[in-house]
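Enquirer: File follows, upload_9.cif with mmCIF, C-alpha atoms, pLDDT in the B column; chains and numbers go by the auth columns:
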data_model
loop_
_atom_site.group_PDB
_atom_site.id
_atom_site.type_symbol
_atom_site.label_atom_id
_atom_site.label_comp_id
_atom_site.label_asym_id
_atom_site.label_seq_id
_atom_site.Cartn_x
_atom_site.Cartn_y
_atom_site.Cartn_z
_atom_site.B_iso_or_equiv
_atom_site.auth_seq_id
_atom_site.auth_asym_id
ATOM 1 C CA MET A 1 36.462 20.987 16.048 88.00 1 Y
ATOM 2 C CA VAL A 2 39.301 22.992 14.519 90.00 2 Y
ATOM 3 C CA ILE A 3 41.468 19.879 14.189 92.00 3 Y
ATOM 4 C CA ILE A 4 38.677 18.034 12.360 93.00 4 Y
ATOM 5 C CA TYR A 5 38.154 21.015 10.060 93.00 5 Y
ATOM 6 C CA LEU A 6 41.876 21.269 9.292 93.00 6 Y
ATOM 7 C CA PHE A 7 42.109 17.526 8.688 93.00 7 Y
ATOM 8 C CA ASN A 8 39.126 17.657 6.292 94.00 8 Y
ATOM 9 C CA LEU A 9 40.647 20.638 4.533 95.00 9 Y
ATOM 10 C CA PHE A 10 43.960 18.797 4.220 94.00 10 Y
ATOM 11 C CA ILE A 11 42.240 15.737 2.707 95.00 11 Y
ATOM 12 C CA HIS A 12 40.263 17.985 0.344 96.00 12 Y
ATOM 13 C CA ARG A 13 43.458 19.736 -0.834 95.00 13 Y
ATOM 14 C CA ILE A 14 45.181 16.402 -1.415 93.00 14 Y
ATOM 15 C CA LYS A 15 42.224 15.142 -3.485 95.00 15 Y
ATOM 16 C CA GLU A 16 42.147 18.361 -5.507 95.00 16 Y
ATOM 17 C CA PHE A 17 45.869 18.146 -6.163 93.00 17 Y
ATOM 18 C CA LEU A 18 45.584 14.528 -7.309 91.00 18 Y
ATOM 19 C CA ARG A 19 42.621 15.365 -9.557 94.00 19 Y
ATOM 20 C CA HIS A 20 44.508 18.293 -11.050 93.00 20 Y
ATOM 21 C CA TRP A 21 47.833 16.473 -11.451 92.00 21 Y
ATOM 22 C CA TYR A 22 46.575 13.160 -12.817 92.00 22 Y
ATOM 23 C CA ILE A 23 43.127 13.618 -14.382 93.00 23 Y
ATOM 24 C CA ASN A 24 43.172 17.180 -15.700 94.00 24 Y
ATOM 25 C CA SER A 25 46.756 16.897 -16.934 92.00 25 Y
ATOM 26 C CA PHE A 26 45.823 13.772 -18.892 92.00 26 Y
ATOM 27 C CA PHE A 27 43.163 15.658 -20.854 95.00 27 Y
ATOM 28 C CA VAL A 28 45.278 18.777 -21.405 94.00 28 Y
ATOM 29 C CA TYR A 29 48.342 16.779 -22.437 93.00 29 Y
ATOM 30 C CA GLY A 30 46.281 14.435 -24.611 93.00 30 Y
ATOM 31 C CA GLN A 31 44.625 17.347 -26.388 95.00 31 Y
ATOM 32 C CA PHE A 32 48.013 18.972 -27.008 94.00 32 Y
ATOM 33 C CA ILE A 33 49.481 15.753 -28.435 94.00 33 Y
ATOM 34 C CA VAL A 34 46.496 15.078 -30.714 94.00 34 Y
ATOM 35 C CA SER A 35 46.736 18.640 -32.006 94.00 35 Y
ATOM 36 C CA PHE A 36 50.480 18.219 -32.597 93.00 36 Y
ATOM 37 C CA LEU A 37 49.943 14.923 -34.451 92.00 37 Y
ATOM 38 C CA GLU A 38 47.275 16.562 -36.624 92.00 38 Y
ATOM 39 C CA LYS A 39 49.772 19.276 -37.577 92.00 39 Y
ATOM 40 C CA ILE A 40 52.387 16.631 -38.403 92.00 40 Y
ATOM 41 C CA ASP A 41 49.805 14.755 -40.476 90.00 41 Y
ATOM 42 C CA ARG A 42 49.427 17.763 -42.750 89.00 42 Y
ATOM 43 C CA PHE A 43 52.936 16.963 -43.969 87.00 43 Y
ATOM 44 C CA PHE A 44 52.827 13.155 -44.033 86.00 44 Y
ATOM 45 C CA ALA A 45 49.144 12.747 -45.009 87.00 45 Y
ATOM 46 C CA PHE A 46 49.243 9.192 -43.699 86.00 46 Y
ATOM 47 C CA LYS A 47 45.570 8.326 -44.286 87.00 47 Y
ATOM 48 C CA ILE A 48 45.467 9.775 -47.798 88.00 48 Y
ATOM 49 C CA THR A 49 48.771 8.134 -48.737 88.00 49 Y
ATOM 50 C CA TRP A 50 47.450 4.799 -47.476 88.00 50 Y
ATOM 51 C CA ARG A 51 44.244 5.224 -49.491 89.00 51 Y
ATOM 52 C CA TYR A 52 46.129 5.893 -52.732 85.00 52 Y
ATOM 53 C CA LEU A 53 48.991 3.445 -52.154 85.00 53 Y
ATOM 54 C CA PHE A 54 48.300 1.411 -55.312 86.00 54 Y
ATOM 55 C CA GLN A 55 47.371 4.372 -57.521 84.00 55 Y
ATOM 56 C CA PRO A 56 49.846 5.634 -60.123 84.00 56 Y
ATOM 57 C CA LEU A 57 51.957 8.645 -59.282 79.00 57 Y
ATOM 58 C CA TYR A 58 50.685 11.910 -60.855 81.00 58 Y
ATOM 59 C CA GLN A 59 48.066 9.892 -62.782 81.00 59 Y
ATOM 60 C CA ASP A 60 50.788 8.371 -64.961 80.00 60 Y
ATOM 61 C CA ARG A 61 48.991 5.150 -65.963 84.00 61 Y
ATOM 62 C CA THR A 62 52.095 3.445 -67.329 87.00 62 Y
ATOM 63 C CA VAL A 63 53.767 0.503 -65.603 87.00 63 Y
ATOM 64 C CA LEU A 64 56.551 2.808 -64.413 87.00 64 Y
ATOM 65 C CA GLY A 65 53.974 5.228 -62.943 84.00 65 Y
ATOM 66 C CA HIS A 66 52.338 2.404 -60.984 86.00 66 Y
ATOM 67 C CA ILE A 67 55.673 1.067 -59.699 89.00 67 Y
ATOM 68 C CA LEU A 68 57.077 4.466 -58.749 87.00 68 Y
ATOM 69 C CA GLY A 69 53.780 5.509 -57.166 87.00 69 Y
ATOM 70 C CA PHE A 70 53.791 2.429 -54.979 90.00 70 Y
ATOM 71 C CA ILE A 71 57.463 2.803 -54.019 91.00 71 Y
ATOM 72 C CA PHE A 72 57.267 6.515 -53.164 90.00 72 Y
ATOM 73 C CA ARG A 73 54.038 6.169 -51.213 91.00 73 Y
ATOM 74 C CA LEU A 74 55.314 3.134 -49.334 93.00 74 Y
ATOM 75 C CA GLN A 75 58.444 5.053 -48.345 93.00 75 Y
ATOM 76 C CA ARG A 76 56.303 7.957 -47.203 92.00 76 Y
ATOM 77 C CA LEU A 77 54.182 5.596 -45.111 93.00 77 Y
ATOM 78 C CA LEU A 78 57.244 3.961 -43.540 94.00 78 Y
ATOM 79 C CA VAL A 79 58.906 7.277 -42.680 93.00 79 Y
ATOM 80 C CA GLY A 80 55.638 8.706 -41.402 92.00 80 Y
ATOM 81 C CA GLY A 81 55.022 5.599 -39.297 92.00 81 Y
ATOM 82 C CA LEU A 82 58.498 5.846 -37.790 95.00 82 Y
ATOM 83 C CA VAL A 83 58.050 9.539 -37.019 94.00 83 Y
ATOM 84 C CA TYR A 84 54.620 8.951 -35.453 94.00 84 Y
ATOM 85 C CA SER A 85 55.982 6.031 -33.417 94.00 85 Y
ATOM 86 C CA ALA A 86 58.945 8.073 -32.168 96.00 86 Y
ATOM 87 C CA ILE A 87 56.699 10.984 -31.207 94.00 87 Y
ATOM 88 C CA ILE A 88 54.182 8.770 -29.408 94.00 88 Y
ATOM 89 C CA LEU A 89 56.919 6.867 -27.569 96.00 89 Y
ATOM 90 C CA THR A 90 58.640 10.081 -26.478 96.00 90 Y
ATOM 91 C CA VAL A 91 55.360 11.620 -25.357 94.00 91 Y
ATOM 92 C CA ALA A 92 54.468 8.490 -23.377 94.00 92 Y
ATOM 93 C CA VAL A 93 57.835 8.504 -21.592 96.00 93 Y
ATOM 94 C CA PHE A 94 57.499 12.187 -20.673 94.00 94 Y
ATOM 95 C CA TYR A 95 53.972 11.628 -19.411 94.00 95 Y
ATOM 96 C CA LEU A 96 55.042 8.666 -17.270 94.00 96 Y
ATOM 97 C CA ILE A 97 57.785 10.843 -15.768 95.00 97 Y
ATOM 98 C CA TRP A 98 55.156 13.505 -15.095 92.00 98 Y
ATOM 99 C CA LEU A 99 52.948 10.945 -13.338 92.00 99 Y
ATOM 100 C CA ALA A 100 55.800 9.596 -11.233 93.00 100 Y
ATOM 101 C CA PHE A 101 57.125 12.976 -10.137 92.00 101 Y
ATOM 102 C CA PRO A 102 54.882 13.479 -7.031 91.00 102 Y
ATOM 103 C CA ILE A 103 55.505 9.907 -5.924 90.00 103 Y
ATOM 104 C CA TYR A 104 59.265 10.434 -6.280 91.00 104 Y
ATOM 105 C CA ILE A 105 59.121 13.627 -4.205 89.00 105 Y
ATOM 106 C CA ILE A 106 57.195 11.877 -1.431 86.00 106 Y
ATOM 107 C CA TYR A 107 59.656 8.987 -1.575 87.00 107 Y
ATOM 108 C CA LYS A 108 62.576 11.404 -1.153 85.00 108 Y
ATOM 109 C CA ILE A 109 60.896 13.263 1.735 82.00 109 Y
ATOM 110 C CA ILE A 110 59.871 10.256 3.845 81.00 110 Y
ATOM 111 C CA PRO A 111 63.367 8.911 4.763 72.00 111 Y
ATOM 112 C CA HIS A 112 64.406 12.365 5.931 64.00 112 Y
ATOM 113 C CA SER A 113 61.338 12.937 8.096 60.00 113 Y
ATOM 114 C CA SER A 114 62.610 10.617 10.847 59.00 114 Y
ATOM 115 C CA LYS A 115 65.803 12.701 11.067 60.00 115 Y
ATOM 116 C CA ILE A 116 63.787 15.882 11.483 57.00 116 Y
ATOM 117 C CA ILE A 117 61.622 14.451 14.257 57.00 117 Y
ATOM 118 C CA ASN A 118 64.715 12.859 15.859 56.00 118 Y
ATOM 119 C CA ILE A 119 63.056 9.965 17.650 55.00 119 Y
ATOM 120 C CA ASP A 120 65.452 8.694 20.349 50.00 120 Y
#
Could you write out this file's structure as structure tokens?
Expert:
Amino acid sequence: MVIIYLFNLFIHRIKEFLRHWYINSFFVYGQFIVSFLEKIDRFFAFKITWRYLFQPLYQDRTVLGHILGFIFRLQRLLVGGLVYSAIILTVAVFYLIWLAFPIYIIYKIIPHSSKIINID
């Protein structure tokens, strides 16, 4: 009876760890990243810049105002897109490392377990 209880408790703890490590961390990390990207967007204003891409700069309706408005906004979109891409790529790599960490630890433990038991 005690062995069955301990085995069930062990399985329960493993499931809780996996739920915490993989599922809950996804939501916490995702919420943090979305919040960070929203803060970055206050500087780049990607959606607003895209909306007004073909509008003149500072309401200067001359040909030069239209050309400069397009050029400056396009540069802002390109730089913002590169920054967003770099952030998202970096975040994805860190999260994949986070996901692989328990598997790596188990992988490193298993070859050494036969030495501890010393099966001869």
Enquirer: Write out as a ChimeraX atom specification each polymer residue whose atoms come within 9 Å of range 97-107 of chain Y, counting all atoms listed in the file; drop sequence neighbours fewer than 4 positions from it.
Expert: /Y:21-22,92-93,111
Enquirer: Mind dumping the selected residues with C-alpha atoms as a tab-separated table (two decimals), keeping the file's coordinate frame?
Expert:
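What follows is the written file again-v8.tsv:
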chain	number	residue	atom	x	y	z
Y	21	TRP	CA	47.83	16.47	-11.45
Y	22	TYR	CA	46.58	13.16	-12.82
Y	92	ALA	CA	54.47	8.49	-23.38
Y	93	VAL	CA	57.84	8.50	-21.59
Y	111	PRO	CA	63.37	8.91	4.76
Enquirer: So what do you get for CA of Ile71 in chain Y versus CA of Lys47 in chain Y, distance-wise?
Expert: 16.3 Å
Enquirer: Return the single residue from Y:Phe32, Y:Leu74, Y:Leu37, Y:Leu89 that is closest to Phe54 in chain Y, with distances computed using all atoms listed in the file.
Expert: Y:Leu74
Enquirer: Give, as lines of an AutoDock Vina configuration file, the centre coordinates and the x, y and z edge lengths in Å to one decimal for an axis-aligned box around all listed atoms of range 53-63 of chain Y, padded by 3 Å on each side.
Expert:
center_x = 50.6
center_y = 6.2
center_z = -59.7
size_x = 12.4
size_y = 17.4
size_z = 21.2
Enquirer: Please write the residues picked by the PyMOL selection byres ((chain Y and resi 46) around 12) on this file as a VMD selection string.
Expert: chain Y and resid 37 to 45 47 to 53 73 to 84
Enquirer: For the point (48.1, 14.3, -26.4) in file coordinates, what residues are within 12 Å, counting all atoms listed in the file? Give the answer as a ChimeraX atom specification?
Expert: /Y:25-38,87-92,94-95
Enquirer: Could you tell me which residues the PyMOL selection byres ((chain Y and resi 56) around 8) returns for this structure, as a list in words?
Expert: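 Checking the PyMOL selection byres ((chain Y and resi 56) around 8) against this file, the residues are Phe54, Gln55, Leu57, Tyr58, Gln59, Asp60, Arg61, Thr62, Gly65, His66, Ile67, Leu68, Gly69 and Phe70 of chain Y.
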Enquirer: For a test of reading the model, state the distance in Å between CA of Lys108 in chain Y and CA of Ile4 in chain Y, rounded to one decimal.
Expert: 28.2 Å
Enquirer: Would you fill out range 36-49 of chain Y with N, CA, C and O atoms and return it as a JSON list (two decimals), in the frame of the given file?
Expert:
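This went into selection.json:
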[["chain", "number", "residue", "atom", "x", "y", "z"],
["Y", 36, "PHE", "N", 49.14, 18.28, -32.00],
["Y", 36, "PHE", "CA", 50.48, 18.22, -32.60],
["Y", 36, "PHE", "C", 50.53, 17.15, -33.69],
["Y", 36, "PHE", "O", 51.09, 17.38, -34.77],
["Y", 37, "LEU", "N", 49.95, 15.99, -33.44],
["Y", 37, "LEU", "CA", 49.94, 14.92, -34.45],
["Y", 37, "LEU", "C", 49.12, 15.32, -35.68],
["Y", 37, "LEU", "O", 49.46, 14.95, -36.80],
["Y", 38, "GLU", "N", 48.06, 16.08, -35.48],
["Y", 38, "GLU", "CA", 47.28, 16.56, -36.62],
["Y", 38, "GLU", "C", 48.11, 17.53, -37.47],
["Y", 38, "GLU", "O", 48.02, 17.51, -38.70],
["Y", 39, "LYS", "N", 48.90, 18.36, -36.82],
["Y", 39, "LYS", "CA", 49.77, 19.28, -37.58],
["Y", 39, "LYS", "C", 50.84, 18.50, -38.35],
["Y", 39, "LYS", "O", 51.15, 18.84, -39.49],
["Y", 40, "ILE", "N", 51.39, 17.47, -37.73],
["Y", 40, "ILE", "CA", 52.39, 16.63, -38.40],
["Y", 40, "ILE", "C", 51.74, 15.90, -39.58],
["Y", 40, "ILE", "O", 52.36, 15.70, -40.63],
["Y", 41, "ASP", "N", 50.48, 15.50, -39.42],
["Y", 41, "ASP", "CA", 49.80, 14.76, -40.48],
["Y", 41, "ASP", "C", 49.54, 15.61, -41.71],
["Y", 41, "ASP", "O", 49.35, 15.08, -42.80],
["Y", 42, "ARG", "N", 49.57, 16.91, -41.56],
["Y", 42, "ARG", "CA", 49.43, 17.76, -42.75],
["Y", 42, "ARG", "C", 50.62, 17.58, -43.69],
["Y", 42, "ARG", "O", 50.51, 17.79, -44.89],
["Y", 43, "PHE", "N", 51.75, 17.21, -43.14],
["Y", 43, "PHE", "CA", 52.94, 16.96, -43.97],
["Y", 43, "PHE", "C", 52.95, 15.53, -44.50],
["Y", 43, "PHE", "O", 53.17, 15.30, -45.68],
["Y", 44, "PHE", "N", 52.72, 14.55, -43.63],
["Y", 44, "PHE", "CA", 52.83, 13.16, -44.03],
["Y", 44, "PHE", "C", 51.57, 12.62, -44.73],
["Y", 44, "PHE", "O", 51.67, 11.71, -45.54],
["Y", 45, "ALA", "N", 50.41, 13.17, -44.41],
["Y", 45, "ALA", "CA", 49.14, 12.75, -45.01],
["Y", 45, "ALA", "C", 49.03, 11.22, -45.02],
["Y", 45, "ALA", "O", 48.81, 10.59, -46.05],
["Y", 46, "PHE", "N", 49.16, 10.65, -43.84],
["Y", 46, "PHE", "CA", 49.24, 9.19, -43.70],
["Y", 46, "PHE", "C", 47.99, 8.50, -44.24],
["Y", 46, "PHE", "O", 48.09, 7.54, -45.01],
["Y", 47, "LYS", "N", 46.82, 8.97, -43.87],
["Y", 47, "LYS", "CA", 45.57, 8.33, -44.29],
["Y", 47, "LYS", "C", 45.37, 8.43, -45.80],
["Y", 47, "LYS", "O", 44.98, 7.45, -46.45],
["Y", 48, "ILE", "N", 45.64, 9.58, -46.35],
["Y", 48, "ILE", "CA", 45.47, 9.78, -47.80],
["Y", 48, "ILE", "C", 46.50, 8.96, -48.57],
["Y", 48, "ILE", "O", 46.18, 8.34, -49.59],
["Y", 49, "THR", "N", 47.73, 8.93, -48.08],
["Y", 49, "THR", "CA", 48.77, 8.13, -48.74],
["Y", 49, "THR", "C", 48.41, 6.66, -48.71],
["Y", 49, "THR", "O", 48.62, 5.93, -49.68]]
